[in-house]
file start_18.txt (compact mmCIF, C-alpha atoms)
# COMPACT_ATOMS: atom_id res chain seq x y z
CA MET V 1 0.00 0.00 0.00
CA ASP V 2 1.33 3.41 -0.96
CA ASN V 3 0.47 5.81 1.83
CA ARG V 4 1.73 8.89 0.01
CA LEU V 5 -0.18 11.98 1.10
CA LYS V 6 -0.80 15.25 -0.69
CA ILE V 7 -0.55 17.99 1.94
CA ASN V 8 -1.68 21.51 1.12
CA PRO V 9 -0.33 24.47 3.11
CA PRO V 10 -0.22 25.29 5.92
CA LEU V 11 1.88 22.59 7.58
CA TYR V 12 2.89 22.97 11.21
CA LEU V 13 5.81 21.69 13.22
CA MET V 14 4.37 20.65 16.58
CA GLY V 15 6.36 19.87 19.68
CA LYS V 16 6.75 19.71 23.42
CA LYS V 17 9.29 18.75 26.08
CA ILE V 18 9.20 15.28 27.60
CA TYR V 19 11.59 13.16 29.64
CA CYS V 20 13.47 10.41 27.80
CA TRP V 21 12.08 7.05 28.89
CA SER V 22 15.58 5.58 28.92
CA CYS V 23 17.80 8.18 30.66
CA ASN V 24 15.27 10.77 31.95
CA PHE V 25 16.92 13.62 29.99
CA LYS V 26 14.47 16.44 29.24
CA MET V 27 14.19 16.58 25.46
CA THR V 28 12.04 18.10 22.74
CA VAL V 29 9.86 15.79 20.65
CA ILE V 30 8.18 16.94 17.45
CA THR V 31 5.72 15.85 14.81
CA LEU V 32 3.71 17.48 12.01
CA LEU V 33 0.17 18.81 12.05
CA ALA V 34 -1.54 19.14 8.67
CA PRO V 35 -4.96 20.82 8.43
CA HIS V 36 -5.35 20.15 4.69
CA VAL V 37 -4.50 16.59 3.64
CA GLU V 38 -6.21 15.47 0.45
CA ASP V 39 -8.99 12.87 0.87
CA THR V 40 -9.43 13.35 4.63
CA GLU V 41 -12.71 15.31 4.46
CA ASN V 42 -11.10 18.42 5.99
CA GLN V 43 -9.99 16.68 9.17
CA ILE V 44 -6.90 18.11 10.83
CA CYS V 45 -4.26 15.37 10.69
CA ILE V 46 -1.29 14.55 12.87
CA LEU V 47 1.47 12.70 11.02
CA SER V 48 3.29 9.72 12.50
CA ASP V 49 5.54 6.97 11.14
CA ILE V 50 6.95 9.58 8.77
CA ASP V 51 8.89 7.77 6.06
CA GLU V 52 9.40 10.46 3.40
CA LEU V 53 9.32 14.25 3.31
CA PRO V 54 10.54 16.71 0.67
CA ASN V 55 14.16 17.71 1.31
CA GLY V 56 13.30 21.37 1.97
CA VAL V 57 10.72 20.46 4.62
CA LEU V 58 13.04 17.92 6.25
CA SER V 59 15.88 20.44 6.29
CA TYR V 60 13.64 23.03 7.98
CA ILE V 61 12.51 20.48 10.60
CA GLN V 62 16.02 19.24 11.35
CA LYS V 63 17.29 22.81 11.85
CA LYS V 64 14.63 23.25 14.54
CA ALA V 65 14.80 19.68 15.86
CA PRO V 66 18.18 18.10 15.02
CA ASN V 67 17.30 14.93 16.94
CA PHE V 68 14.49 14.04 14.52
CA LYS V 69 16.31 11.31 12.60
CA ARG V 70 15.56 8.33 10.41
CA LYS V 71 16.09 5.37 12.73
CA PHE V 72 15.04 1.76 13.09
CA SER V 73 12.30 1.08 15.62
CA LYS V 74 12.39 -2.42 17.10
CA MET V 75 8.75 -2.14 18.11
CA ALA V 76 7.55 -0.98 14.68
CA ARG V 77 10.12 -3.21 12.91
CA LYS V 78 10.91 -0.50 10.38
CA LYS V 79 12.79 2.75 9.86
CA TYR V 80 11.04 6.09 10.09
CA PHE V 81 11.83 9.63 11.20
CA ALA V 82 11.83 9.37 14.99
CA ASN V 83 12.51 11.61 17.95
CA THR V 84 15.89 10.63 19.36
CA CYS V 85 17.28 11.52 22.77
CA PRO V 86 20.25 13.88 22.38
CA LYS V 87 21.88 12.33 25.48
CA CYS V 88 21.49 8.56 25.07
CA ASN V 89 20.47 8.33 21.35
CA VAL V 90 17.44 6.10 22.12
CA ILE V 91 14.25 6.79 20.18
CA SER V 92 10.95 7.78 21.72
CA GLY V 93 8.81 5.80 19.34
CA ASP V 94 5.75 7.13 17.58
CA PHE V 95 3.52 4.53 19.25
CA PHE V 96 4.44 5.99 22.67
CA LEU V 97 4.06 9.59 21.43
CA HIS V 98 0.82 9.23 19.42
CA SER V 99 -1.24 6.14 20.17
CA GLU V 100 -2.76 6.32 23.64
CA PRO V 101 -5.10 9.04 24.96
CA GLY V 102 -2.98 11.36 27.07
CA ALA V 103 0.19 10.62 25.07
CA PRO V 104 2.29 13.69 24.17
CA PHE V 105 0.64 14.08 20.74
CA PHE V 106 -2.80 12.73 21.79
CA PRO V 107 -4.12 15.33 24.24
CA THR V 108 -7.53 14.65 25.76
CA ASP V 109 -8.33 18.17 26.96
CA GLU V 110 -7.45 21.84 26.51
CA ALA V 111 -4.66 21.67 29.13
CA GLY V 112 -2.98 18.83 27.23
CA ALA V 113 -3.28 20.74 23.95
CA LYS V 114 -1.93 23.92 25.57
CA SER V 115 1.24 22.01 26.56
CA LEU V 116 2.08 21.77 22.84
CA TYR V 117 3.55 24.43 20.58
CA ILE V 118 3.13 24.83 16.83
CA THR V 119 5.05 26.84 14.29
CA GLU V 120 4.23 27.11 10.60
CA ILE V 121 6.66 25.51 8.16
CA PRO V 122 7.08 27.80 5.15
CA LEU V 123 5.38 26.16 2.15
CA SER V 124 4.43 27.85 -1.08
CA GLU V 125 2.78 24.84 -2.71
CA PRO V 126 1.43 21.38 -1.81
CA ILE V 127 3.92 18.67 -0.85
CA MET V 128 3.92 14.89 -1.02
CA ALA V 129 4.83 12.89 2.07
CA LYS V 130 4.75 9.27 3.15
CA ALA V 131 3.35 8.86 6.67
CA SER V 132 0.47 7.59 8.77
CA LEU V 133 -2.33 9.90 9.85
CA GLY V 134 -3.86 10.46 13.25
CA LEU V 135 -7.34 11.97 13.28
CA GLY V 136 -9.58 13.31 16.01
CA VAL V 137 -7.48 15.67 18.15
CA GLY V 138 -6.04 18.03 15.54
CA ASP V 139 -8.82 20.59 16.01
CA LEU V 140 -8.25 20.65 19.80
CA ILE V 141 -4.51 21.17 19.22
CA LEU V 142 -4.90 23.84 16.53
CA LYS V 143 -7.24 25.85 18.78
CA ASN V 144 -5.13 25.59 21.95
CA ALA V 145 -1.43 25.01 21.18
CA LYS V 146 1.00 27.88 21.71
CA ARG V 147 2.00 29.47 18.41
CA ILE V 148 5.66 30.34 18.14

call {"tool": "encode", "arguments": {"input": "start_18.txt", "output": "structure tokens"}}
result
Amino acid sequence: MDNRLKINPPLYLMGKKIYCWSCNFKMTVITLLAPHVEDTENQICILSDIDELPNGVLSYIQKKAPNFKRKFSKMARKKYFANTCPKCNVISGDFFLHSEPGAPFFPTDEAGAKSLYITEIPLSEPIMAKASLGLGVGDLILKNAKRI
């Protein structure tokens, strides 16, 4: 299955600080929030298991979050762009960050959404990306996250 997505601007870099599960170092984790993904009926999407991004977008992200690297996840049994601890180099996997209510990128209330920040990634035209989509909390995040 080709899960290539057409994402129309705007595209947001979303992040927050968490403690590394392995060494307890306080680190920044990031992901992408996309309000306009083709064929999603205008749902605000959160990207996970990011496999491909255009070079310009990836370069912008890695300048802001240099520990967002393509790494192998034992749990997912594949490589994807993952948040990596700058101290111990262990990944905080997307399952942990996205999949359970209350997870860093799955807020369940306004307070959880307010703990996130978003910043717009400069895009002048639609991009293609390969990733999985999370639906259902994007609106809560877009309304409440800190804009930087």

call {"tool": "residues_around", "arguments": {"input": "start_18.txt", "residues": "stretch 38-43 of chain V", "least_positions_apart": "3", "cutoff": "9 Å", "atoms": "all atoms listed in the file", "output": "VMD selection string"}}
result
chain V and resid 5 to 8 34 to 35 135 to 136 138 to 139

call {"tool": "closest_residue", "arguments": {"input": "start_18.txt", "among": "V:Asp49, V:Ala111, V:Val37, V:Cys88", "to": "V:Ala131", "atoms": "only C-alpha atoms"}}
result
V:Asp49

call {"tool": "atom_distance", "arguments": {"input": "start_18.txt", "atom1": "atom CA of V:Val29", "atom2": "atom CA of V:Lys79"}}
result
17.2 Å

call {"tool": "closest_residue", "arguments": {"input": "start_18.txt", "among": "V:Gly56, V:Lys69, V:Val137, V:Ala145", "to": "V:Leu123", "atoms": "only C-alpha atoms"}}
result
V:Gly56

call {"tool": "atom_distance", "arguments": {"input": "start_18.txt", "atom1": "atom CA of V:Phe96", "atom2": "atom CA of V:Thr31"}}
result
12.7 Å

call {"tool": "closest_residue", "arguments": {"input": "start_18.txt", "among": "V:Lys17, V:Ile121, V:Gly134, V:Phe25", "to": "V:Lys63", "atoms": "only C-alpha atoms"}}
result
V:Ile121

call {"tool": "closest_residue", "arguments": {"input": "start_18.txt", "among": "V:Ile18, V:Ile118, V:Ala113, V:Leu13", "to": "V:Pro101", "atoms": "all atoms listed in the file"}}
result
V:Ala113

call {"tool": "atom_distance", "arguments": {"input": "start_18.txt", "atom1": "atom CA of V:Tyr60", "atom2": "atom CA of V:Lys78"}}
result
23.8 Å

call {"tool": "residues_around", "arguments": {"input": "start_18.txt", "residues": "V:Ala76", "least_positions_apart": "2", "cutoff": "12 Å", "atoms": "all atoms listed in the file", "output": "ChimeraX atom specification"}}
result
/V:48-49,71-74,78-82,91-96

call {"tool": "closest_residue", "arguments": {"input": "start_18.txt", "among": "V:His36, V:Arg70, V:Lys87, V:Arg147", "to": "V:Asn24", "atoms": "all atoms listed in the file"}}
result
V:Lys87

call {"tool": "closest_residue", "arguments": {"input": "start_18.txt", "among": "V:Pro66, V:Pro9, V:Pro122, V:Gly102", "to": "V:Asn89", "atoms": "only C-alpha atoms"}}
result
V:Pro66

call {"tool": "residues_around", "arguments": {"input": "start_18.txt", "residues": "V:Pro104", "least_positions_apart": "5", "cutoff": "8 Å", "atoms": "all atoms listed in the file", "output": "PyMOL selection string"}}
result
chain V and resi 16+18+97-98+112

call {"tool": "residues_around", "arguments": {"input": "start_18.txt", "residues": "V:Ala129", "least_positions_apart": "6", "cutoff": "9 Å", "atoms": "only C-alpha atoms", "output": "VMD selection string"}}
result
chain V and resid 3 to 7 50 to 54

call {"tool": "decode", "arguments": {"input": "start_18.txt", "residues": "stretch 66-97 of chain V", "atoms": "C-alpha atoms", "output": "tab-separated table (two decimals), in the first residue's frame"}}
result
chain	number	residue	atom	x	y	z
V	66	PRO	CA	18.18	18.10	15.02
V	67	ASN	CA	17.30	14.93	16.94
V	68	PHE	CA	14.49	14.04	14.52
V	69	LYS	CA	16.31	11.31	12.60
V	70	ARG	CA	15.56	8.33	10.41
V	71	LYS	CA	16.09	5.37	12.73
V	72	PHE	CA	15.04	1.76	13.09
V	73	SER	CA	12.30	1.08	15.62
V	74	LYS	CA	12.39	-2.42	17.10
V	75	MET	CA	8.75	-2.14	18.11
V	76	ALA	CA	7.55	-0.98	14.68
V	77	ARG	CA	10.12	-3.21	12.91
V	78	LYS	CA	10.91	-0.50	10.38
V	79	LYS	CA	12.79	2.75	9.86
V	80	TYR	CA	11.04	6.09	10.09
V	81	PHE	CA	11.83	9.63	11.20
V	82	ALA	CA	11.83	9.37	14.99
V	83	ASN	CA	12.51	11.61	17.95
V	84	THR	CA	15.89	10.63	19.36
V	85	CYS	CA	17.28	11.52	22.77
V	86	PRO	CA	20.25	13.88	22.38
V	87	LYS	CA	21.88	12.33	25.48
V	88	CYS	CA	21.49	8.56	25.07
V	89	ASN	CA	20.47	8.33	21.35
V	90	VAL	CA	17.44	6.10	22.12
V	91	ILE	CA	14.25	6.79	20.18
V	92	SER	CA	10.95	7.78	21.72
V	93	GLY	CA	8.81	5.80	19.34
V	94	ASP	CA	5.75	7.13	17.58
V	95	PHE	CA	3.52	4.53	19.25
V	96	PHE	CA	4.44	5.99	22.67
V	97	LEU	CA	4.06	9.59	21.43
